[in-house]
Amino acid sequence: MDVARTAIKNGSKKVYIMCRRGPEDIEAEKTEVEYAKFDGVKFEYYKAPVEIVNEGIFASGDVVTGAKTVVAAVRVSKLVAQTIDEYVSENYK
């Protein structure tokens with residue numbers, strides 16, 4: 001919820017949280033979900049990933065595989081977030 005709300009507050013026009021199950025299965029506090037909705041986050045339920053497409057972004061490392069610096073991890077994270085935003089924008093208009 002924090003990431004979605006932060007994306008909205010930092011200028012993202014469309015932010016979606018996609019859940020494999022229903023609203024009753026979200027593992028966040030109900031108030032967190034309500035605040036996210038109030039901020040403009042959209043929820044899509046009963047959605048499952050169909051395909052992951054490599055759009056040419058190559059991560060040399062991340063917090064799991066050992067980025068050399070926090071700055072490098074943040075840079076990669078921004079690229080990943082941007083790619084997710086582009087994908088969702090194209091496929092969920």
# chains A, B, ... in the order shown; residues from 1 in each chain; ligands from 1

$ residues_around --residues "region 18-29 of chain A" --least-positions-apart "5" --cutoff "9 Å" --atoms "only C-alpha atoms" --output "PDB file with N, CA and C atoms, in the first residue's frame"
ATOM      1  N   MET A   1       0.827  -1.181   0.000  1.00  0.00           N
ATOM      2  CA  MET A   1       0.000   0.000   0.000  1.00  0.00           C
ATOM      3  C   MET A   1       0.874   1.248   0.000  1.00  0.00           C
ATOM      4  N   GLU A  34      -8.237   1.465   2.490  1.00  0.00           N
ATOM      5  CA  GLU A  34      -9.141   2.610   2.307  1.00  0.00           C
ATOM      6  C   GLU A  34      -8.369   3.880   1.987  1.00  0.00           C
ATOM      7  N   LYS A  42      -6.168   2.125  -7.755  1.00  0.00           N
ATOM      8  CA  LYS A  42      -7.216   1.234  -8.252  1.00  0.00           C
ATOM      9  C   LYS A  42      -6.850  -0.208  -7.905  1.00  0.00           C
ATOM     10  N   PHE A  43      -7.845  -0.984  -7.545  1.00  0.00           N
ATOM     11  CA  PHE A  43      -7.640  -2.391  -7.207  1.00  0.00           C
ATOM     12  C   PHE A  43      -8.304  -3.262  -8.261  1.00  0.00           C
ATOM     13  N   GLU A  44      -7.576  -4.265  -8.718  1.00  0.00           N
ATOM     14  CA  GLU A  44      -8.097  -5.244  -9.665  1.00  0.00           C
ATOM     15  C   GLU A  44      -7.977  -6.605  -8.997  1.00  0.00           C
ATOM     16  N   TYR A  45      -9.094  -7.297  -8.862  1.00  0.00           N
ATOM     17  CA  TYR A  45      -9.113  -8.566  -8.162  1.00  0.00           C
ATOM     18  C   TYR A  45      -9.215  -9.734  -9.141  1.00  0.00           C
ATOM     19  N   TYR A  46      -8.781 -10.886  -8.673  1.00  0.00           N
ATOM     20  CA  TYR A  46      -8.826 -12.138  -9.443  1.00  0.00           C
ATOM     21  C   TYR A  46      -8.031 -12.010 -10.751  1.00  0.00           C
ATOM     22  N   LYS A  47      -6.862 -11.425 -10.641  1.00  0.00           N
ATOM     23  CA  LYS A  47      -5.959 -11.264 -11.781  1.00  0.00           C
ATOM     24  C   LYS A  47      -4.706 -12.087 -11.532  1.00  0.00           C
ATOM     25  N   ALA A  48      -4.230 -12.743 -12.559  1.00  0.00           N
ATOM     26  CA  ALA A  48      -2.993 -13.512 -12.456  1.00  0.00           C
ATOM     27  C   ALA A  48      -2.090 -13.131 -13.625  1.00  0.00           C
ATOM     28  N   PRO A  49      -0.796 -13.086 -13.399  1.00  0.00           N
ATOM     29  CA  PRO A  49       0.115 -12.766 -14.502  1.00  0.00           C
ATOM     30  C   PRO A  49       0.032 -13.839 -15.575  1.00  0.00           C
TER      31      PRO A  49
END

$ closest_residue --among "A:Tyr16, A:Asn10, A:Lys37, A:Val3" --to "Ser77 (chain A)" --atoms "only C-alpha atoms"
A:Val3

$ atom_distance --atom1 "CA of Ser89 (chain A)" --atom2 "CA of Val74 (chain A)"
22.1 Å

$ atom_distance --atom1 "CA of Ile84 (chain A)" --atom2 "CA of Thr31 (chain A)"
25.7 Å

$ residues_around --residues "Arg5 (chain A)" --least-positions-apart "3" --cutoff "8 Å" --atoms "only C-alpha atoms" --output "ChimeraX atom specification"
/A:1-2,8-9,36,39,41

$ closest_residue --among "A:Ala4, A:Gly40, A:Val50, A:Ser12" --to "Gln82 (chain A)" --atoms "only C-alpha atoms"
A:Ser12
